[in-house]
Amino acid sequence: MTKTTAGNFFEDFRLGQLITHATPRTIRAGDVVLYNGLFGPRFAVQSSDVFARKIGYPRAPVDDLLVFHIVFGKTVPDISLNAVANLGYAGCRFLAAVYPGDTLNAASEVIGLKENSSRKTGIVFVRSTGYRQDGAKVLEYVRWVMVRKRDETAPSPPDHVPRLPEALTPAVLGDACPPINVASYDFALAGSPHRFGDYAVGEKIDHVDGVTVEEAEHQIATRLYQNTARIHFNQFAAARDRFGRRLIYGGHVISLARALSFNGLANAFHIAAINGGRHVAPLFAGATVFAWSEVLAKAELPGRTDVGALRLRLVAAKDHACADFPLKAGAADDPAVLLDLDYWALLPR
Amino acid sequence: MTKTTAGNFFEDFRLGQLITHATPRTIRAGDVVLYNGLFGPRFAVQSSDVFARKIGYPRAPVDDLLVFHIVFGKTVPDISLNAVANLGYAGCRFLAAVYPGDTLNAASEVIGLKENSSRKTGIVFVRSTGYRQDGAKVLEYVRWVMVRKRDETAPSPPDHVPRLPEALTPAVLGDACPPINVASYDFALAGSPHRFGDYAVGEKIDHVDGVTVEEAEHQIATRLYQNTARIHFNQFAAARDRFGRRLIYGGHVISLARALSFNGLANAFHIAAINGGRHVAPLFAGATVFAWSEVLAKAELPGRTDVGALRLRLVAAKDHACADFPLKAGAADDPAVLLDLDYWALLPR
Amino acid sequence: MTKTTAGNFFEDFRLGQLITHATPRTIRAGDVVLYNGLFGPRFAVQSSDVFARKIGYPRAPVDDLLVFHIVFGKTVPDISLNAVANLGYAGCRFLAAVYPGDTLNAASEVIGLKENSSRKTGIVFVRSTGYRQDGAKVLEYVRWVMVRKRDETAPSPPDHVPRLPEALTPAVLGDACPPINVASYDFALAGSPHRFGDYAVGEKIDHVDGVTVEEAEHQIATRLYQNTARIHFNQFAAARDRFGRRLIYGGHVISLARALSFNGLANAFHIAAINGGRHVAPLFAGATVFAWSEVLAKAELPGRTDVGALRLRLVAAKDHACADFPLKAGAADDPAVLLDLDYWALLPR
């Protein structure tokens, strides 16, 4: 038995299999700092203990995407070390606010398997869950990923494609958000007067700014999450691979686009859920990332008058300012598009 | 009304206008750590809680320049998003020591306006103030910046150029420095035997070392301050602009030069005030920054026998070792010079 | 007397000389975070307060190598600013666990001096010690370094080459490791089922993964340690020097290789001692670092049934995957090899 892990291949997964992931990780205030340095988010709730306390949090919560990346990172050595492509996300819910000092673990269940017709790869569907030190769930999501087979002739399990929710319902969006004291929410300090009620379905927002990505930046970020996917770190191997370059972790694009979206969505302070998302093109260092958003829907949360939810489409593009709202979708197909993400954000009402 | 901010243009400012800046920001010990990684300062007071406590601080204070950059960063979205150039600073005073856990806000008052003869731009003078969570002022400075007009034909306010102090007086230099127990100040641990009394007016010090700047470094630093000036981050746009490259935040040069100045000024532990400063040439990644200092004046602080103040000229140059003390000033004009800063530092007596 | 330090030259050292190093440094949780971002270690004990507490630590200890680098960094301005090459380490012992909040100082004793026959350089042997704020020793090691003479004609002290231990004995390996409650050590969370007993002398482990190093990364890391060696930071000077490039701090290679070694040695949670090590080739940015290990010996610790010690050879190579276990040693000489380190690690029994 070898001591090193080469990761699981498609034929290693079994439907219903439960996987406990290494390594438990205590989140520090310093994680938030480094995340700030790498992405530059400016949402007041996550930036200021004082602001957070005034509106009802015990202190500034950790950025939702940092929680997502840390949980995701733990799943990589078991799920996607031999991945060809990360195909999509669905049903991602933030279930409890996370604070510096909390320690996170992660586990996954294999909920679907489908071999590709080439027999060289198959699609693995997992539901991954992040847990806090006290056992409380902080995050849950489904992702599906195309994984290599070790041996093309290996027999495969019967196809099983799970039913995935198209979008999460408003009733489940408030779990990680304490009751907000909107009267104490200082819109000037937060950077925008626009509340839940000021956004209209169909409204599109160009987030204007662009940010260029450096190799050191995405490597530092991705290592911070203890994400070990080789394609992000190893230029020696990448030079011999299809792109010739290190591929940037898809989650890096999400965090860049989210930080850019402050300009237009400054009060969308909490990502309550990610309905789905696709990385529609790869990103490499040296490119400049832009983003735009569209309001897909609006929803009140049952029993809550403090916050409302905007269902947002967040699109990121490379080397392409987003005033024309580029899309990768049928006739409107634009090769600059990197990311097409569908999520629910909470704003004060 | 658009939801995004394109920043203020010259004709948007009014004399006497008060601007509250977003985003409040809790400073963490991790901010200090990342600042250390980016600049490498070695001043003992800011590096060691034990050293700081021995001489009279409750714990290690946050580096003065980190406080400056965080306050400055907050002003950018409102003041200088459409700036052509940051022209100068004056009257910058550090008013209270800042510690990890403190939360900073910022506000500015427009104290001067002067349209340029081209009518394409104008100069905006602002007094910006950083506040602690309890309302105490921690920093105050004036800067003036050349800002684009949105519409060249827009009428302009009458010219008003404020009177600015040439230099701050010694009486105001002690506010952010508690009484220092010099008997407990360990000069060996601090890295140099040289006290206030050992420096002479006119003395020049070459700080010897040079440090090369990488794109990832200045981007991480500038995002850490939540400074959103586009010119620092967007290579796609910069490639079409006058320099063709991302311009490095001027404050980055100040921090590099200050860290280099440890070699020669190891006991100049506190920047009490910045009398003035000019960024005389732009810096781009790949260049190596050197620095030298000149003692312009010496002053005792009224009523204090613990510390004295050196008025220092700090000059930074690129790709040019500073043994010849280069200057950008009239006949001595040297194109390598980046920065010419005039500040007061406190040293033990 | 000049105010700046040009560092000591060979003829400045005296046998028996004691040197107190600047700058004391409080280690923060944020230091651990930034170290994680730069190297990506995944050892559970250092990553999770909860995991650490369950097995007997009061909280997650600081990574042993981060402690080493911080102590080492302090010695550079006095010992190796004029070094031509860092020749080797020996007798490095970790003497107490270090936690965020601890403040470290360092001091060195000159234990050997030997002029080289060229009379241009000499070898300086120092025993350096890291101290905690309460005076307890946390780290001790010997290194020898080739240092330039200021003046080739300067007289030299008589040769004195100290006797150095070839390897540390098992009796001294437990000082920085509290009694471990192995029943509470969760091997699934730690990422591997392999304990002390599962490794065999002579076993070789290819750590599989590779990681490409960027200039910004090694500069940030090396500044984090307040290591001021010019060769790591100054491209302007390096361009005129023998390599034409900034040389990466040798300790950076050790940390990269240690982090890679998680894949195969996930439960080797503590570096108890470094018997010796050589940087056999320089590393420059852009190269990809791989690593492999060999079990040189196994030892029980007197009086302890909780942990056992593996004596490991850790070899790092550049742009060369390590499935063939490359070495730089006589007939097996491989120019890709960067590092050949001999250390003791503790694992649960």
# chains A, B, ... in the order shown; residues from 1 in each chain; ligands from 1

call {"tool": "closest_atom_pairs", "arguments": {"of": "chain B", "to": "chain C", "cutoff": "8 Å", "atoms": "only C-alpha atoms", "output": "CSV"}}
result
residue,atom,partner,partner_atom,distance
B:Ala29,CA,C:Gly30,CA,6.6
B:Gly30,CA,C:Gly30,CA,4.3
B:Asp31,CA,C:Gly30,CA,7.8
B:Val33,CA,C:Asp31,CA,5.9
B:Leu34,CA,C:Leu34,CA,7.1
B:Asn36,CA,C:Leu224,CA,5.6
B:Gly37,CA,C:Leu224,CA,4.2
B:Leu38,CA,C:Ile220,CA,5.5
B:Phe39,CA,C:Arg223,CA,6.8
B:Gly40,CA,C:Arg223,CA,4.7
B:Pro41,CA,C:Gln226,CA,7.4
B:Arg42,CA,C:Thr23,CA,6.1
B:Phe43,CA,C:Thr23,CA,7.1
B:Ala44,CA,C:Thr23,CA,5.5
B:Ser47,CA,C:Arg25,CA,5.0
B:Ser48,CA,C:Arg25,CA,4.6
B:Asp49,CA,C:Thr26,CA,6.1
B:Val50,CA,C:Thr103,CA,6.9
B:Phe51,CA,C:Pro24,CA,7.3
B:Ala188,CA,C:Ala22,CA,6.6
B:Leu189,CA,C:Ala22,CA,4.4
B:Ala190,CA,C:Ala22,CA,5.5
B:Gly191,CA,C:Ala22,CA,4.8
B:His194,CA,C:Lys3,CA,7.3
B:Ile205,CA,C:Lys3,CA,7.3
B:Asp206,CA,C:Thr4,CA,7.6
B:His207,CA,C:Thr4,CA,6.7
B:Val208,CA,C:Thr4,CA,7.8
B:Asp209,CA,C:Arg230,CA,6.9
B:Gly210,CA,C:Asn234,CA,5.3
B:Val211,CA,C:Asn234,CA,4.8
B:Thr212,CA,C:Asn234,CA,5.4
B:Glu214,CA,C:Ala216,CA,5.8
B:Glu215,CA,C:Ala216,CA,7.9
B:Ala216,CA,C:Ala216,CA,6.2
B:Glu217,CA,C:Ala216,CA,6.1
B:Asn263,CA,C:Thr4,CA,5.1
B:Gly264,CA,C:Thr4,CA,4.2
B:Leu265,CA,C:Lys3,CA,7.4
B:Ala287,CA,C:Phe236,CA,7.5
B:Thr288,CA,C:Phe236,CA,5.9
B:Asp319,CA,C:Phe236,CA,6.0

call {"tool": "select_by_dssp", "arguments": {"residues": "range 108-249 of chain A", "states": "strand (DSSP E)", "output": "ChimeraX atom specification"}}
result
/A:108-115,121-132,137-148,204-206,211-212

call {"tool": "atom_distance", "arguments": {"atom1": "CA of Gly174 in chain B", "atom2": "CA of Phe94 in chain B"}}
result
8.7 Å

call {"tool": "closest_residue", "arguments": {"among": "B:Ala297, B:Val307, B:Ala83, B:Val76", "to": "Arg195 in chain B", "atoms": "only C-alpha atoms"}}
result
B:Val307

call {"tool": "residues_around", "arguments": {"residues": "Val161 in chain A", "least_positions_apart": "2", "cutoff": "7 Å", "atoms": "only C-alpha atoms", "output": "MDAnalysis selection string"}}
result
chainID A and resid 112:114 159 163

call {"tool": "residues_around", "arguments": {"residues": "Asp324 in chain A", "least_positions_apart": "2", "cutoff": "12 Å", "atoms": "only C-alpha atoms", "output": "PyMOL selection string"}}
result
chain A and resi 204-208+290-293+315+317+320-322+326-327+332+334+336-337

call {"tool": "residues_around", "arguments": {"residues": "Ala154 in chain A", "least_positions_apart": "6", "cutoff": "10 Å", "atoms": "only C-alpha atoms", "output": "VMD selection string"}}
result
chain A and resid 10 to 12 119 to 120

call {"tool": "write_last_selection", "arguments": {"atoms": "C-alpha atoms", "output": "CSV table (one decimal), in the first residue's frame"}}
result
chain,number,residue,atom,x,y,z
A,10,PHE,CA,-14.1,7.6,-11.4
A,11,GLU,CA,-14.3,3.8,-10.7
A,12,ASP,CA,-13.3,4.4,-7.1
A,119,ARG,CA,-15.4,5.4,-21.2
A,120,LYS,CA,-12.4,7.5,-20.3

call {"tool": "residues_around", "arguments": {"residues": "Gly277 in chain C", "least_positions_apart": "6", "cutoff": "9 Å", "atoms": "only C-alpha atoms", "output": "MDAnalysis selection string"}}
result
chainID C and resid 87:90 339:343

call {"tool": "residues_around", "arguments": {"residues": "Leu95 in chain A", "least_positions_apart": "5", "cutoff": "7 Å", "atoms": "only C-alpha atoms", "output": "list in words"}}
result
Lys137, Val138, Leu139, Asp175 and Ala176 of chain A

call {"tool": "atom_distance", "arguments": {"atom1": "CA of Val213 in chain C", "atom2": "CA of Tyr249 in chain C"}}
result
11.6 Å

call {"tool": "atom_distance", "arguments": {"atom1": "CA of Lys328 in chain A", "atom2": "CA of Ala281 in chain A"}}
result
9.4 Å
